[in-house]
Amino acid sequence: MNKTIRNTSVFVLLLVLALLGRATWVQAYEGKALADDSKNRRKTIAQYAQPLGDIVVAGSPVTGSKKTEGDDLAYKRTYTDGELYAAVTGYSSQAYGATQLEGIYGDVLDGTDDRLKNPLDALTRRQQEPGTVLTTIDPEVQKAAYRALGNKKGAAVAVDPATGRILGLVSTPSYDPSKIAGTTDGDAWEALTTDEDKPMVNRALRQPLPPGSTFKLVVAAAALENGLYGSVDTATKSPDPYTLPSTRTVLRNENASAPCENATIRTALRYSCNNVFAKMAADLGQDRVRAMAERFGFNEDELDVPVRAYASVYPSGMDRAQTALTGIGQFDVTATPLQMAMVSAAIANDGLLAAPHLVSKVVDSDGDALTSVKDGDTERIVSSATAGQLRSAMRTVVDEGTGTNAAIAGVEVGGKTGTAQHGENNSKTPYAWFTSYAKAPSDGKPGKQVAVAVMIEDSGAARSEVSGNGLAAPVARKMMAAALR
């Protein structure tokens, strides 16, 4: 054979082998990445080729699917009571993607999850029937929270202390995910994303704010656990007013006539005495307060319920004056309503914190479980004795103190109010907080119980009318009553 022809043949063969090698590499190693690429139109077509699986609340779907017309996307998502459940479901949009449960379980809901396929389906790549996501939400608790929040800007969370099940999760103002589910909803999307009230922000999970005096429960827990005081009825060493360490700044109490000088923890929680808890935090030191806060869940960057909650923060690197301010939930302390519900839940559950979760099970089209979430996966936060002491003091807050609007006849209710400063020199309307627990009469048997946190960011009320008892406690009471019905 002519040498030139032979060399050319070898070169062509090498080119063919290179092409075959590249094709094999793409198919075997890069195929999934290309298929999953958000810019791949085929992925979106496959996602909406059939009705999506549902997100279910108490046995009833709160999502659905609607046949489209004249589009290569055959179906689009619909929502039942969309505004009521938006903080739970998130949205699934043909144009803007998916969030929260819709996003986390997108492959299950559109039928592309490999766990839904049998071996033959895996080989043929046939799309299987979608699965279903079962939530822990109690619709009556959810409705009670949504109605009670009304036109206020805020959020509320209810948790079963024994199991960790999230029974209610509401953020207001809300939005209807159905209005942005299609490909021609640009005007609705722009209206939502430019709204100053930020209706698409999940305030219950993803907007940490200063928790104000609700954080005093964490400081009280640290004081009892570290032996600073023997019980909630031991007198503290707390001058009134209290001057912040190494400063001339005098910290006063909202109620000037309250018996806050050297008050016990019970009395200090009842009247929400700033002097007591500021000095208590300074005496404990930032490391011990932070350690207790972190046991409750502060500074946790991966709190997934399964939607990831933003971290609630207890700061570091402070001087004693700044540490004192953290004792009343100010300076750089921030918390989500979920976090403050976790504090009350651990106290209610004898010092054990059950991992909070929003989903109980994910199933295939036959109802077989793909994922099951264990209830009552607990961690010891404080001793049973400390939890009992704090519950007793929290009951005093509701029975005789600043939280009377949370009382429910015939039910054990304990709580803590909070009014957090907002803006430079407290120039803006404060945030109103309330965190609480309630236990139904049980006749010696385990009965229903619930822990709640409510945050009112803005109610439209005058500054002088903003208080945890006035604005947030009534919301908590309605949620607790619904949970214990």
# chains A, B, ... in the order shown; residues from 1 in each chain; ligands from 1
>>> closest_atom_pairs(of="segment 307-410 of chain A", to="segment 78-98 of chain A", cutoff="10 Å", atoms="only C-alpha atoms", output="tab-separated table")
residue	atom	partner	partner_atom	distance
A:Val307	CA	A:Val88	CA	8.9
A:Leu358	CA	A:Val88	CA	8.0
A:Val359	CA	A:Val88	CA	9.8
>>> residues_around(residues="Arg290 of chain A", least_positions_apart="5", cutoff="10 Å", atoms="only C-alpha atoms", output="count of residues only")
16
>>> select_by_dssp(residues="segment 288-324 of chain A", states="helix (DSSP H, G or I)", output="VMD selection string")
chain A and resid 288 to 296 320 to 324
>>> atom_distance(atom1="atom CA of Thr183 of chain A", atom2="atom CA of Thr135 of chain A")
27.9 Å
>>> closest_residue(among="A:Leu303, A:Asp138, A:Thr99, A:Gln286", to="Asn202 of chain A", atoms="only C-alpha atoms")
A:Thr99
>>> residues_around(residues="Gly470 of chain A", least_positions_apart="2", cutoff="10 Å", atoms="only C-alpha atoms", output="PDB file with C-alpha atoms, in the first residue's frame")
ATOM      1  CA  THR A 402     -46.870  40.272  80.466  1.00  0.00           C
ATOM      2  CA  GLY A 403     -48.374  37.335  78.519  1.00  0.00           C
ATOM      3  CA  THR A 404     -51.955  37.189  79.741  1.00  0.00           C
ATOM      4  CA  ASN A 405     -53.398  37.392  76.215  1.00  0.00           C
ATOM      5  CA  ALA A 406     -52.127  33.847  75.560  1.00  0.00           C
ATOM      6  CA  THR A 417     -43.170  38.206  75.374  1.00  0.00           C
ATOM      7  CA  ALA A 432     -43.343  42.199  68.627  1.00  0.00           C
ATOM      8  CA  TRP A 433     -42.594  38.599  69.662  1.00  0.00           C
ATOM      9  CA  PHE A 434     -44.242  35.854  71.646  1.00  0.00           C
ATOM     10  CA  GLU A 465     -49.276  50.109  70.864  1.00  0.00           C
ATOM     11  CA  VAL A 466     -46.606  47.592  69.865  1.00  0.00           C
ATOM     12  CA  SER A 467     -46.048  44.796  72.385  1.00  0.00           C
ATOM     13  CA  GLY A 468     -45.616  41.056  72.364  1.00  0.00           C
ATOM     14  CA  ALA A 472     -48.227  38.416  69.026  1.00  0.00           C
ATOM     15  CA  ALA A 473     -49.758  36.592  72.018  1.00  0.00           C
ATOM     16  CA  PRO A 474     -53.323  36.581  70.597  1.00  0.00           C
ATOM     17  CA  VAL A 475     -52.005  34.892  67.427  1.00  0.00           C
TER      18      VAL A 475
END
>>> residues_around(residues="Thr132 of chain A", least_positions_apart="4", cutoff="8 Å", atoms="only C-alpha atoms", output="number ranges by chain")
A: 53-56, 108-109, 362-365
>>> closest_residue(among="A:Val62, A:Pro306, A:Ala311, A:Pro241", to="Thr371 of chain A", atoms="only C-alpha atoms")
A:Pro306
>>> select_by_dssp(residues="segment 80-277 of chain A", states="strand (DSSP E or B)", output="count of residues only")
30
